[in-house]
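Structure data follow from upload_15.cif (mmCIF, C-alpha atoms):
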```cif
data_model
loop_
_atom_site.label_atom_id
_atom_site.label_comp_id
_atom_site.auth_asym_id
_atom_site.auth_seq_id
_atom_site.Cartn_x
_atom_site.Cartn_y
_atom_site.Cartn_z
CA MET A 202 102.35 16.83 100.74
CA SER A 203 100.72 19.31 98.42
CA GLU A 204 102.10 22.81 98.68
CA GLU A 205 99.70 25.67 98.35
CA VAL A 206 101.46 28.79 97.14
CA LYS A 207 99.59 31.96 96.22
CA VAL A 208 100.78 35.42 95.26
CA LEU A 209 98.64 38.52 95.78
CA GLY A 210 100.04 40.92 93.22
CA ASN A 211 99.47 43.60 90.64
CA TRP A 212 100.31 43.11 86.95
CA GLY A 213 102.34 46.32 86.65
CA SER A 214 104.08 46.33 90.02
CA CYS A 215 107.81 45.65 89.86
CA PHE A 216 107.70 44.56 93.52
CA SER A 217 105.03 41.98 92.80
CA ARG A 218 106.93 40.74 89.72
CA ARG A 219 110.09 40.32 91.83
CA VAL A 220 108.33 37.64 93.84
CA GLU A 221 107.03 35.90 90.71
CA LEU A 222 110.55 35.90 89.26
CA ALA A 223 111.98 34.32 92.41
CA LEU A 224 109.31 31.60 92.38
CA LYS A 225 109.97 30.86 88.70
CA ILE A 226 113.73 30.62 89.32
CA LYS A 227 112.97 27.95 91.93
CA GLY A 228 110.42 26.24 89.69
CA VAL A 229 107.63 26.67 92.25
CA GLU A 230 104.04 26.44 91.01
CA TYR A 231 101.77 29.13 92.40
CA GLU A 232 98.31 30.63 92.03
CA TYR A 233 98.33 34.30 91.10
CA ILE A 234 95.63 36.62 92.41
CA GLU A 235 95.41 40.08 90.81
CA GLU A 236 94.75 42.96 93.22
CA ASP A 237 93.27 46.27 92.17
CA VAL A 238 95.65 48.43 94.16
CA TYR A 239 94.42 51.74 92.77
CA GLY A 240 90.76 51.02 93.33
CA ASN A 241 89.44 48.69 95.97
CA LYS A 242 91.76 46.60 98.02
CA SER A 243 90.31 43.15 98.53
CA PRO A 244 89.37 41.75 101.96
CA LEU A 245 92.02 39.10 101.30
CA LEU A 246 94.78 41.70 100.97
CA LEU A 247 93.61 43.64 104.03
CA LYS A 248 93.51 40.39 106.01
CA TYR A 249 96.94 39.13 104.98
CA ASN A 250 98.81 42.44 105.04
CA PRO A 251 97.03 44.49 107.69
CA VAL A 252 100.12 46.56 108.51
CA HIS A 253 100.90 47.96 105.05
CA LYS A 254 97.89 46.84 102.97
CA LYS A 255 100.15 46.43 99.93
CA VAL A 256 101.13 43.87 97.34
CA PRO A 257 102.97 41.61 97.00
CA VAL A 258 101.90 39.09 99.63
CA LEU A 259 102.99 35.47 99.48
CA LEU A 260 100.69 32.86 101.00
CA HIS A 261 102.37 29.54 101.69
CA ASN A 262 99.96 26.92 102.97
CA GLY A 263 97.76 29.77 104.20
CA LYS A 264 100.53 31.65 106.04
CA PRO A 265 101.17 35.19 104.76
CA ILE A 266 104.45 37.03 104.22
CA ALA A 267 104.67 40.65 103.08
CA GLU A 268 107.51 42.84 101.71
CA SER A 269 109.04 41.63 98.45
CA LEU A 270 112.63 41.28 99.69
CA VAL A 271 111.52 39.46 102.86
CA ILE A 272 109.47 37.14 100.65
CA ILE A 273 112.42 36.44 98.34
CA GLU A 274 114.70 35.48 101.26
CA TYR A 275 111.91 33.15 102.44
CA ILE A 276 111.63 31.60 98.97
CA GLU A 277 115.40 31.08 98.93
CA GLU A 278 115.37 29.34 102.32
CA THR A 279 112.28 27.23 101.67
CA TRP A 280 112.87 25.82 98.19
CA LYS A 281 116.19 24.31 97.15
CA GLY A 282 117.29 24.34 93.53
CA THR A 283 118.82 27.31 91.72
CA PRO A 284 120.25 29.60 94.42
CA ILE A 285 119.26 33.27 94.52
CA LEU A 286 121.82 34.23 97.18
CA PRO A 287 125.49 33.25 97.53
CA GLU A 288 126.37 30.71 100.24
CA ASP A 289 129.33 32.59 101.64
CA PRO A 290 128.21 34.95 104.45
CA TYR A 291 130.38 37.82 103.19
CA GLU A 292 129.13 37.52 99.60
CA LYS A 293 125.59 37.26 100.96
CA ALA A 294 126.11 40.49 102.92
CA MET A 295 127.35 42.20 99.74
CA ALA A 296 124.28 41.04 97.81
CA ARG A 297 122.02 42.36 100.58
CA PHE A 298 123.96 45.66 100.58
CA TRP A 299 123.43 46.23 96.87
CA THR A 300 119.80 45.15 97.09
CA LYS A 301 119.22 47.73 99.81
CA PHE A 302 121.03 50.33 97.69
CA VAL A 303 118.68 49.62 94.77
CA ASP A 304 115.56 49.73 96.95
CA GLU A 305 116.37 52.71 99.14
CA LYS A 306 118.51 54.91 96.90
CA CYS A 307 118.14 54.04 93.19
CA LEU A 308 114.42 53.47 92.92
CA PRO A 309 113.27 56.57 94.86
CA ALA A 310 115.81 58.76 92.99
CA LEU A 311 114.71 57.40 89.62
CA TRP A 312 111.03 57.82 90.47
CA ARG A 313 111.62 61.43 91.56
CA ALA A 314 113.54 62.16 88.36
CA VAL A 315 110.83 60.65 86.15
CA TRP A 316 107.98 62.69 87.67
CA SER A 317 109.96 65.79 88.52
CA PRO A 318 108.57 69.19 87.41
CA GLU A 319 110.73 70.86 84.73
CA ASN A 320 112.38 73.36 87.08
CA GLU A 321 113.60 70.61 89.44
CA ARG A 322 114.39 68.07 86.75
CA GLU A 323 118.08 68.76 86.21
CA LYS A 324 118.98 68.19 89.85
CA ALA A 325 116.75 65.12 90.15
CA VAL A 326 118.27 63.57 87.03
CA GLU A 327 121.79 64.27 88.31
CA GLU A 328 121.05 62.48 91.59
CA ALA A 329 119.44 59.53 89.86
CA CYS A 330 122.37 59.21 87.46
CA LYS A 331 124.81 59.18 90.39
CA CYS A 332 122.90 56.19 91.77
CA LEU A 333 122.98 54.41 88.42
CA GLU A 334 126.71 55.02 88.12
CA THR A 335 127.34 53.56 91.58
CA LEU A 336 125.11 50.58 90.83
CA GLN A 337 126.90 50.00 87.54
CA SER A 338 130.18 49.61 89.45
CA ALA A 339 128.70 46.63 91.29
CA LEU A 340 128.49 44.69 88.02
CA ASN A 341 132.28 44.64 87.89
CA GLY A 342 132.63 42.75 84.61
CA LYS A 343 130.00 40.14 85.46
CA ARG A 344 127.10 39.20 83.23
CA PHE A 345 124.61 39.62 86.09
CA PHE A 346 124.93 41.16 89.55
CA GLY A 347 124.58 37.58 90.77
CA GLY A 348 127.47 36.38 88.58
CA ASP A 349 126.66 33.91 85.81
CA THR A 350 123.01 33.68 86.79
CA VAL A 351 120.32 36.07 87.98
CA GLY A 352 120.51 36.64 91.73
CA LEU A 353 118.93 38.74 94.47
CA VAL A 354 120.36 42.06 93.25
CA ASP A 355 119.22 41.42 89.66
CA ILE A 356 115.73 40.59 90.90
CA ALA A 357 115.63 43.71 93.08
CA ALA A 358 116.79 45.85 90.14
CA ASN A 359 114.02 44.59 87.85
CA PHE A 360 112.59 48.12 87.68
CA ILE A 361 115.85 49.28 86.16
CA GLY A 362 116.05 46.18 83.97
CA PHE A 363 112.65 46.59 82.34
CA TRP A 364 110.36 49.31 83.64
CA LEU A 365 112.75 52.25 83.33
CA ARG A 366 113.34 52.07 79.58
CA ILE A 367 109.60 51.82 79.00
CA ILE A 368 108.96 54.83 81.23
CA GLN A 369 111.63 56.79 79.35
CA GLU A 370 109.80 56.00 76.13
CA ALA A 371 106.51 57.17 77.67
CA THR A 372 107.92 60.45 78.95
CA GLY A 373 110.13 61.14 75.94
CA HIS A 374 113.09 61.76 78.24
CA GLY A 375 116.01 59.40 77.61
CA ASP A 376 118.48 61.07 79.93
CA LEU A 377 118.49 58.58 82.76
CA LEU A 378 119.49 55.14 81.47
CA SER A 379 121.16 55.14 78.06
CA ALA A 380 123.83 53.06 76.36
CA GLU A 381 126.02 56.16 76.06
CA LYS A 382 125.84 57.13 79.72
CA PHE A 383 125.92 53.66 81.31
CA PRO A 384 127.13 51.11 78.76
CA THR A 385 127.63 48.13 81.09
CA LEU A 386 124.40 48.74 83.01
CA PHE A 387 122.51 49.16 79.74
CA LYS A 388 123.97 45.88 78.48
CA TRP A 389 122.86 44.24 81.74
CA THR A 390 119.26 45.30 81.06
CA ASP A 391 119.41 43.44 77.70
CA GLU A 392 120.89 40.35 79.38
CA PHE A 393 118.26 40.56 82.11
CA VAL A 394 115.20 40.71 79.87
CA SER A 395 116.49 38.01 77.54
CA CYS A 396 116.63 35.43 80.36
CA SER A 397 113.77 33.00 79.92
CA VAL A 398 112.71 33.00 83.61
CA VAL A 399 112.75 36.79 83.60
CA LYS A 400 110.72 37.00 80.37
CA GLN A 401 108.00 34.87 81.99
CA SER A 402 107.74 37.24 84.94
CA LEU A 403 107.50 40.60 83.14
CA PRO A 404 104.32 42.51 82.38
CA PRO A 405 103.35 42.85 78.70
CA ARG A 406 105.45 45.67 77.22
CA ASP A 407 102.63 47.36 75.27
CA LYS A 408 100.29 47.34 78.24
CA LEU A 409 102.94 48.85 80.52
CA LEU A 410 103.86 51.51 77.94
CA ALA A 411 100.20 52.45 77.50
CA PHE A 412 99.80 52.62 81.29
CA PHE A 413 102.70 55.04 81.67
CA LYS A 414 101.71 57.13 78.66
CA ALA A 415 98.32 57.59 80.32
CA ARG A 416 99.96 58.64 83.58
CA VAL A 417 102.19 61.12 81.77
CA ALA A 418 99.12 62.57 80.03
CA GLU A 419 97.35 62.85 83.40
CA ALA A 420 100.35 64.61 84.95
CA ASN A 421 100.56 67.07 82.06
CA ALA A 422 96.82 67.75 82.12
CA SER A 423 96.93 68.70 85.76
CA LYS A 424 99.64 71.35 85.22
CA MET B 203 143.04 31.51 113.40
CA ALA B 204 142.88 34.90 115.04
CA GLU B 205 139.70 36.74 114.11
CA GLU B 206 140.00 40.47 113.77
CA VAL B 207 136.76 42.34 114.32
CA VAL B 208 136.60 46.13 114.25
CA LEU B 209 133.50 48.31 114.53
CA LEU B 210 133.54 51.91 113.32
CA ASP B 211 131.21 53.29 115.91
CA PHE B 212 129.37 56.36 117.22
CA TRP B 213 128.03 56.16 120.76
CA PRO B 214 124.44 57.48 120.31
CA SER B 215 123.76 55.91 116.89
CA PRO B 216 120.89 53.41 117.16
CA PHE B 217 122.34 51.57 114.17
CA ALA B 218 125.75 51.16 115.80
CA ILE B 219 124.09 50.11 119.08
CA ARG B 220 122.37 47.23 117.25
CA VAL B 221 125.73 45.83 116.22
CA ARG B 222 127.22 46.33 119.69
CA ILE B 223 124.37 44.31 121.21
CA ALA B 224 124.78 41.51 118.63
CA LEU B 225 128.55 41.32 119.21
CA ALA B 226 128.07 41.29 122.98
CA GLU B 227 125.37 38.58 122.83
CA LYS B 228 127.74 36.38 120.88
CA GLY B 229 130.71 37.19 123.13
CA ILE B 230 132.77 38.40 120.16
CA GLN B 231 135.97 40.31 120.89
CA CYS B 232 135.81 43.56 118.98
CA GLU B 233 137.86 46.73 118.71
CA TYR B 234 135.49 49.70 118.85
CA LYS B 235 136.70 52.81 117.05
CA GLU B 236 134.68 55.92 117.85
CA GLU B 237 134.21 58.17 114.83
CA ASP B 238 133.90 61.94 114.85
CA LEU B 239 131.19 62.37 112.23
CA ARG B 240 132.18 65.98 111.57
CA ASN B 241 135.66 64.75 110.72
CA LYS B 242 135.34 61.27 109.25
CA SER B 243 138.43 59.08 109.36
CA ASP B 244 140.24 57.85 106.24
CA LEU B 245 139.38 54.34 107.37
CA LEU B 246 135.65 55.09 107.36
CA LEU B 247 135.80 56.73 103.95
CA LYS B 248 137.75 53.77 102.60
CA MET B 249 135.56 51.09 104.17
CA ASN B 250 132.20 52.71 103.32
CA PRO B 251 132.90 54.86 100.26
CA ILE B 252 129.30 54.79 99.03
CA HIS B 253 127.46 56.00 102.12
CA LYS B 254 130.37 57.25 104.29
CA LYS B 255 128.33 56.27 107.35
CA ILE B 256 128.73 54.28 110.54
CA PRO B 257 128.46 51.62 111.68
CA VAL B 258 130.97 49.69 109.60
CA LEU B 259 131.89 46.18 110.69
CA ILE B 260 135.35 45.15 109.51
CA HIS B 261 135.97 41.40 109.74
CA ASN B 262 139.50 40.30 108.96
CA GLY B 263 139.92 43.48 106.92
CA LYS B 264 136.69 43.13 104.91
CA PRO B 265 133.94 45.73 105.48
CA VAL B 266 130.23 45.02 105.94
CA CYS B 267 127.88 48.03 105.91
CA GLU B 268 124.27 48.65 107.02
CA SER B 269 123.29 47.61 110.56
CA LEU B 270 120.70 44.91 109.88
CA ILE B 271 122.96 43.37 107.24
CA GLN B 272 125.78 43.40 109.81
CA VAL B 273 123.58 41.75 112.46
CA GLN B 274 122.59 38.99 110.00
CA TYR B 275 126.24 38.55 109.01
CA ILE B 276 127.28 38.23 112.67
CA ASP B 277 124.47 35.72 113.22
CA GLU B 278 125.59 33.63 110.23
CA VAL B 279 129.33 33.66 110.92
CA TRP B 280 129.08 33.11 114.68
CA HIS B 281 126.15 30.76 114.34
CA ASP B 282 126.91 28.40 117.22
CA LYS B 283 126.16 30.85 120.01
CA SER B 284 123.03 32.82 120.95
CA PRO B 285 121.22 32.66 117.60
CA LEU B 286 119.39 35.90 116.82
CA LEU B 287 117.28 34.76 113.89
CA PRO B 288 114.99 31.73 114.35
CA SER B 289 115.80 28.54 112.47
CA ASP B 290 112.35 28.16 110.90
CA PRO B 291 112.11 30.03 107.55
CA TYR B 292 108.60 31.37 108.25
CA GLN B 293 109.59 32.70 111.67
CA ARG B 294 112.68 34.22 110.06
CA ALA B 295 110.48 35.99 107.52
CA ILE B 296 108.28 37.40 110.31
CA ALA B 297 111.39 38.63 112.15
CA ARG B 298 112.75 40.27 108.99
CA PHE B 299 109.37 41.90 108.32
CA TRP B 300 109.26 43.52 111.77
CA ALA B 301 112.92 44.56 111.73
CA HIS B 302 112.24 46.27 108.39
CA PHE B 303 109.18 47.91 109.96
CA VAL B 304 111.36 49.31 112.77
CA ASP B 305 113.81 50.63 110.16
CA LYS B 306 111.14 52.34 108.09
CA LYS B 307 109.03 53.73 110.92
CA ILE B 308 110.80 54.23 114.24
CA TYR B 309 113.94 56.11 113.17
CA GLU B 310 112.35 58.49 110.66
CA ILE B 311 109.28 59.27 112.74
CA GLY B 312 111.34 59.58 115.92
CA THR B 313 113.58 62.08 114.14
CA LYS B 314 110.53 64.12 113.13
CA ILE B 315 109.50 64.31 116.81
CA TRP B 316 112.66 66.15 117.83
CA THR B 317 113.15 68.19 114.65
CA THR B 318 109.65 69.58 114.12
CA LYS B 319 106.95 71.48 115.98
CA GLY B 320 103.22 72.11 115.84
CA GLU B 321 101.07 70.04 113.51
CA GLU B 322 103.96 68.16 111.94
CA GLN B 323 105.23 67.09 115.35
CA ALA B 324 101.73 66.12 116.51
CA ALA B 325 101.29 63.90 113.45
CA ALA B 326 104.70 62.33 114.05
CA LYS B 327 103.88 61.58 117.71
CA LYS B 328 100.61 59.95 116.69
CA GLU B 329 102.25 57.78 114.04
CA PHE B 330 105.09 56.92 116.44
CA ILE B 331 102.72 55.64 119.12
CA GLU B 332 100.67 53.74 116.52
CA SER B 333 103.85 52.04 115.29
CA LEU B 334 104.94 51.14 118.83
CA LYS B 335 101.47 49.69 119.50
CA LEU B 336 101.78 47.49 116.42
CA LEU B 337 105.11 46.29 117.76
CA GLU B 338 103.51 45.61 121.16
CA GLY B 339 100.96 43.48 119.32
CA GLU B 340 103.75 41.49 117.70
CA LEU B 341 105.48 41.04 121.08
CA GLY B 342 102.28 39.68 122.63
CA ASP B 343 102.93 37.73 125.81
CA LYS B 344 106.45 36.75 124.90
CA PRO B 345 109.27 38.03 127.13
CA TYR B 346 111.24 39.02 124.00
CA PHE B 347 110.37 39.40 120.34
CA GLY B 348 112.73 36.45 119.85
CA GLY B 349 110.65 34.31 122.24
CA ASP B 350 112.52 33.12 125.33
CA ASN B 351 115.71 34.85 124.26
CA LEU B 352 116.80 38.08 122.64
CA GLY B 353 116.28 37.91 118.88
CA TYR B 354 116.65 39.90 115.69
CA VAL B 355 113.71 42.24 116.26
CA ASP B 356 114.78 42.90 119.87
CA VAL B 357 118.22 43.92 118.57
CA ALA B 358 116.66 46.08 115.83
CA LEU B 359 114.36 47.97 118.20
CA LEU B 360 116.22 48.19 121.54
CA PRO B 361 118.63 51.01 120.59
CA PHE B 362 115.71 53.38 120.08
CA TYR B 363 114.81 52.95 123.75
CA SER B 364 117.88 55.09 124.52
CA TRP B 365 116.25 57.84 122.49
CA PHE B 366 112.79 57.63 124.12
CA TYR B 367 113.60 60.16 126.85
CA ALA B 368 114.78 62.64 124.19
CA TYR B 369 111.62 62.07 122.10
CA GLU B 370 109.46 62.52 125.24
CA LYS B 371 111.12 65.74 126.30
CA CYS B 372 111.06 67.24 122.81
CA GLY B 373 107.55 66.06 122.08
CA ASN B 374 106.13 66.65 125.54
CA PHE B 375 104.51 63.25 125.94
CA THR B 376 105.08 59.96 127.79
CA ILE B 377 105.59 56.79 125.86
CA GLU B 378 105.03 54.53 128.90
CA GLU B 379 101.47 55.83 129.27
CA GLU B 380 100.55 54.61 125.80
CA CYS B 381 102.86 51.61 125.50
CA PRO B 382 103.51 50.13 128.95
CA LYS B 383 104.22 46.64 127.61
CA LEU B 384 106.95 47.94 125.37
CA ILE B 385 108.62 49.84 128.20
CA ALA B 386 108.41 46.71 130.37
CA TRP B 387 110.04 44.77 127.54
CA ALA B 388 112.89 47.29 127.24
CA LYS B 389 113.55 47.22 130.98
CA ARG B 390 113.55 43.42 130.89
CA CYS B 391 116.14 43.49 128.10
CA LEU B 392 118.29 45.94 130.09
CA GLN B 393 118.69 43.25 132.74
CA LYS B 394 120.93 41.48 130.26
CA GLU B 395 124.58 42.47 130.38
CA SER B 396 124.93 42.55 126.60
CA VAL B 397 122.17 45.17 126.39
CA ALA B 398 123.10 47.16 129.52
CA LYS B 399 126.66 47.69 128.34
CA SER B 400 125.62 48.57 124.77
CA LEU B 401 122.87 51.13 125.39
CA PRO B 402 123.93 54.71 126.20
CA ASP B 403 122.29 56.58 129.05
CA GLN B 404 118.98 58.18 128.01
CA LYS B 405 119.83 61.54 129.58
CA LYS B 406 123.17 61.60 127.81
CA VAL B 407 121.36 61.01 124.49
CA TYR B 408 118.98 63.86 125.32
CA GLY B 409 122.00 66.12 125.91
CA PHE B 410 123.33 65.10 122.51
CA VAL B 411 119.95 65.86 120.85
CA LEU B 412 119.93 69.32 122.45
CA GLN B 413 123.40 69.94 121.02
CA LEU B 414 122.21 68.86 117.57
CA LYS B 415 119.16 71.12 117.79
CA LYS B 416 121.41 74.05 118.65
CA ALA B 417 123.87 73.21 115.86
CA PHE B 418 121.09 72.96 113.26
CA GLY B 419 119.14 75.92 114.58
CA ILE B 420 116.10 73.82 115.50
CA GLU B 421 114.04 75.20 118.35
#
```
Here is the file; what I need is its structure written in the form of structure tokens.
Amino acid sequence: MSEEVKVLGNWGSCFSRRVELALKIKGVEYEYIEEDVYGNKSPLLLKYNPVHKKVPVLLHNGKPIAESLVIIEYIEETWKGTPILPEDPYEKAMARFWTKFVDEKCLPALWRAVWSPENEREKAVEEACKCLETLQSALNGKRFFGGDTVGLVDIAANFIGFWLRIIQEATGHGDLLSAEKFPTLFKWTDEFVSCSVVKQSLPPRDKLLAFFKARVAEANASK
Amino acid sequence: MAEEVVLLDFWPSPFAIRVRIALAEKGIQCEYKEEDLRNKSDLLLKMNPIHKKIPVLIHNGKPVCESLIQVQYIDEVWHDKSPLLPSDPYQRAIARFWAHFVDKKIYEIGTKIWTTKGEEQAAAKKEFIESLKLLEGELGDKPYFGGDNLGYVDVALLPFYSWFYAYEKCGNFTIEEECPKLIAWAKRCLQKESVAKSLPDQKKVYGFVLQLKKAFGIE
């Protein structure tokens, strides 16, 4: 039976790239459809994600699934091959715990710190760094959060693995993630981006840097 | 082998209630330890050092945190009775999507209803009803979100029913008027022993909310 797998995504979205990474880990062929999320959302997107109207959306034989982490659990359960989650229920619960920590604590704190006005910056950076420190502890001597191979937590933390260092370069502020502050987490980012499946699911570095430099310029112009 | 299951609990917490329902549905023997959140126990701080929050499920000494993660864990470990998640991966994805929707929308917006006034409260009430209507759409003609039996989304949403009276009194509106199907669903679920014994009385929750408003100086 021929499988029809499509991904509605955006080239720069870390959430969209999470799904692509999971599909590549499983060796699943898919058709990618680029959505203009800042401009006009396509009728396809509005049809397949009427509740949130956001990317990514996975279409499997015409049936849509939204929310990147929901999609990844679906990918894990549908296609055998390299596992993304541990088998043991307790270890699985731990992976889900850290994934939720990344999504609900780390990413919002980092985003706030990046775009924070100067007078609020110190506090925002402190909060974000606390999150990074806690996340670093989850590595616990392992090469990846998933152990010897990239797993759910690594995929969820792709923003930290790739986007964050580029954003730091664009803003000129290197006070969030650095080798001095978080040596093992920093090392993890190098391990993460040097994985071949990960490399294939990252946006082009120059394009992403240019994108964020433009956003920084916009933010400064409007001050 | 004797299983030891402990739940660090707090009677009005919707998140703790979810776990109580799941444990009751599966007929799991559990020791419930009520926490005083103004004076957190050493056990709580040790078992959930990162968030220091309830509920915490402790299974044979090992802690699991975050209510929906706990419910999935319970479903996976005690998989031979009353399954909460469907077996089909697509149906599971739909269930996870809606449970996540409940998490993102119902708790935060509900909280805004009892903590704010004026325009902010009006906007919260509107968004709350819109979210409940979307959930009614997902329920459709099924007796439960899980189909013929209580499922993952039912467990995720039901605890907030205990808070509806408090939201209504604070927000001066009736939920049943706008979402009769959802209220009918909740009452249907309450016929089940596992739900009836897990959900606190709505008026008692309202009393608790009034205490909180006083303590935080919210009118």
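Among B:Lys283, B:His253, B:Lys248, B:Arg240, the residue with the shortest atom-to-atom distance to chain A, counting only C-alpha atoms, is B:His253.
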### Message
Distance cut-off 10 Å, counting all atoms listed in the file - which residues of chain B neighbour chain A? Return them as a PyMOL selection string.
### Response
chain B and resi 252-253+261+264-268+270-279+290-299+302-303+333+336
Take the residues from that selection and write them out as a PDB file, in the coordinates of the input, keeping C-alpha atoms.
```pdb
ATOM      1  CA  ILE B 252     129.300  54.790  99.030  1.00  0.00           C
ATOM      2  CA  HIS B 253     127.460  56.000 102.120  1.00  0.00           C
ATOM      3  CA  HIS B 261     135.970  41.400 109.740  1.00  0.00           C
ATOM      4  CA  LYS B 264     136.690  43.130 104.910  1.00  0.00           C
ATOM      5  CA  PRO B 265     133.940  45.730 105.480  1.00  0.00           C
ATOM      6  CA  VAL B 266     130.230  45.020 105.940  1.00  0.00           C
ATOM      7  CA  CYS B 267     127.880  48.030 105.910  1.00  0.00           C
ATOM      8  CA  GLU B 268     124.270  48.650 107.020  1.00  0.00           C
ATOM      9  CA  LEU B 270     120.700  44.910 109.880  1.00  0.00           C
ATOM     10  CA  ILE B 271     122.960  43.370 107.240  1.00  0.00           C
ATOM     11  CA  GLN B 272     125.780  43.400 109.810  1.00  0.00           C
ATOM     12  CA  VAL B 273     123.580  41.750 112.460  1.00  0.00           C
ATOM     13  CA  GLN B 274     122.590  38.990 110.000  1.00  0.00           C
ATOM     14  CA  TYR B 275     126.240  38.550 109.010  1.00  0.00           C
ATOM     15  CA  ILE B 276     127.280  38.230 112.670  1.00  0.00           C
ATOM     16  CA  ASP B 277     124.470  35.720 113.220  1.00  0.00           C
ATOM     17  CA  GLU B 278     125.590  33.630 110.230  1.00  0.00           C
ATOM     18  CA  VAL B 279     129.330  33.660 110.920  1.00  0.00           C
ATOM     19  CA  ASP B 290     112.350  28.160 110.900  1.00  0.00           C
ATOM     20  CA  PRO B 291     112.110  30.030 107.550  1.00  0.00           C
ATOM     21  CA  TYR B 292     108.600  31.370 108.250  1.00  0.00           C
ATOM     22  CA  GLN B 293     109.590  32.700 111.670  1.00  0.00           C
ATOM     23  CA  ARG B 294     112.680  34.220 110.060  1.00  0.00           C
ATOM     24  CA  ALA B 295     110.480  35.990 107.520  1.00  0.00           C
ATOM     25  CA  ILE B 296     108.280  37.400 110.310  1.00  0.00           C
ATOM     26  CA  ALA B 297     111.390  38.630 112.150  1.00  0.00           C
ATOM     27  CA  ARG B 298     112.750  40.270 108.990  1.00  0.00           C
ATOM     28  CA  PHE B 299     109.370  41.900 108.320  1.00  0.00           C
ATOM     29  CA  HIS B 302     112.240  46.270 108.390  1.00  0.00           C
ATOM     30  CA  PHE B 303     109.180  47.910 109.960  1.00  0.00           C
ATOM     31  CA  SER B 333     103.850  52.040 115.290  1.00  0.00           C
ATOM     32  CA  LEU B 336     101.780  47.490 116.420  1.00  0.00           C
TER      33      LEU B 336
END
```
### Message
Using Å and a single decimal, report how far atom CA of A:Val208 sits from atom CA of A:Val220.
### Response
8.0 Å
### Query
Residues around (110.5, 65.9, 117.0), cut-off 8 Å, counting all atoms listed in the file - what are they as a list of chain:residue names?
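Nearby residues: B:Ile311, B:Gly312, B:Thr313, B:Lys314, B:Ile315, B:Trp316, B:Thr317, B:Thr318, B:Lys319, B:Gln323, B:Ala326, B:Lys327, B:Tyr369, B:Cys372, B:Gly373.
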Residue selection dump (C-alpha atoms) as a PDB file, in the frame of the given file:
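Listed below is the output, part21.pdb:
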```pdb
ATOM      1  CA  ILE B 311     109.280  59.270 112.740  1.00  0.00           C
ATOM      2  CA  GLY B 312     111.340  59.580 115.920  1.00  0.00           C
ATOM      3  CA  THR B 313     113.580  62.080 114.140  1.00  0.00           C
ATOM      4  CA  LYS B 314     110.530  64.120 113.130  1.00  0.00           C
ATOM      5  CA  ILE B 315     109.500  64.310 116.810  1.00  0.00           C
ATOM      6  CA  TRP B 316     112.660  66.150 117.830  1.00  0.00           C
ATOM      7  CA  THR B 317     113.150  68.190 114.650  1.00  0.00           C
ATOM      8  CA  THR B 318     109.650  69.580 114.120  1.00  0.00           C
ATOM      9  CA  LYS B 319     106.950  71.480 115.980  1.00  0.00           C
ATOM     10  CA  GLN B 323     105.230  67.090 115.350  1.00  0.00           C
ATOM     11  CA  ALA B 326     104.700  62.330 114.050  1.00  0.00           C
ATOM     12  CA  LYS B 327     103.880  61.580 117.710  1.00  0.00           C
ATOM     13  CA  TYR B 369     111.620  62.070 122.100  1.00  0.00           C
ATOM     14  CA  CYS B 372     111.060  67.240 122.810  1.00  0.00           C
ATOM     15  CA  GLY B 373     107.550  66.060 122.080  1.00  0.00           C
TER      16      GLY B 373
END
```
### Query
So which residues fall inside 10 Å of (120.2, 56.1, 119.8) if we count all atoms listed in the file? Mind giving them as a PyMOL selection string?
chain B and resi 212-220+309+360-366+368+401-404+407-408+410-411
### Target residues per the PyMOL selection byres ((chain A and resi 373) around 12), formatted as a ChimeraX atom specification
/A:315,365-372,374-377,410,413-414,417-418
### Message
Please report the interatomic distance between atom CA of B:Phe347 and atom CA of A:Leu224 in Å with one decimal.
### Response
29.0 Å
### Task
To verify the selection step, state as a ChimeraX atom specification which residues the PyMOL selection byres ((chain A and resi 254) around 12) yields on this input.
/A:209-210,236-239,241-253,255-258,266-268
Can I get the selection written as an mmCIF file, keeping the file's coordinate frame, with C-alpha atoms?
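Contents of the output file part_27.cif:
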```cif
data_model
loop_
_atom_site.group_PDB
_atom_site.id
_atom_site.type_symbol
_atom_site.label_atom_id
_atom_site.label_comp_id
_atom_site.auth_asym_id
_atom_site.auth_seq_id
_atom_site.Cartn_x
_atom_site.Cartn_y
_atom_site.Cartn_z
ATOM 1 C CA LEU A 209 98.640 38.520 95.780
ATOM 2 C CA GLY A 210 100.040 40.920 93.220
ATOM 3 C CA GLU A 236 94.750 42.960 93.220
ATOM 4 C CA ASP A 237 93.270 46.270 92.170
ATOM 5 C CA VAL A 238 95.650 48.430 94.160
ATOM 6 C CA TYR A 239 94.420 51.740 92.770
ATOM 7 C CA ASN A 241 89.440 48.690 95.970
ATOM 8 C CA LYS A 242 91.760 46.600 98.020
ATOM 9 C CA SER A 243 90.310 43.150 98.530
ATOM 10 C CA PRO A 244 89.370 41.750 101.960
ATOM 11 C CA LEU A 245 92.020 39.100 101.300
ATOM 12 C CA LEU A 246 94.780 41.700 100.970
ATOM 13 C CA LEU A 247 93.610 43.640 104.030
ATOM 14 C CA LYS A 248 93.510 40.390 106.010
ATOM 15 C CA TYR A 249 96.940 39.130 104.980
ATOM 16 C CA ASN A 250 98.810 42.440 105.040
ATOM 17 C CA PRO A 251 97.030 44.490 107.690
ATOM 18 C CA VAL A 252 100.120 46.560 108.510
ATOM 19 C CA HIS A 253 100.900 47.960 105.050
ATOM 20 C CA LYS A 255 100.150 46.430 99.930
ATOM 21 C CA VAL A 256 101.130 43.870 97.340
ATOM 22 C CA PRO A 257 102.970 41.610 97.000
ATOM 23 C CA VAL A 258 101.900 39.090 99.630
ATOM 24 C CA ILE A 266 104.450 37.030 104.220
ATOM 25 C CA ALA A 267 104.670 40.650 103.080
ATOM 26 C CA GLU A 268 107.510 42.840 101.710
#
```
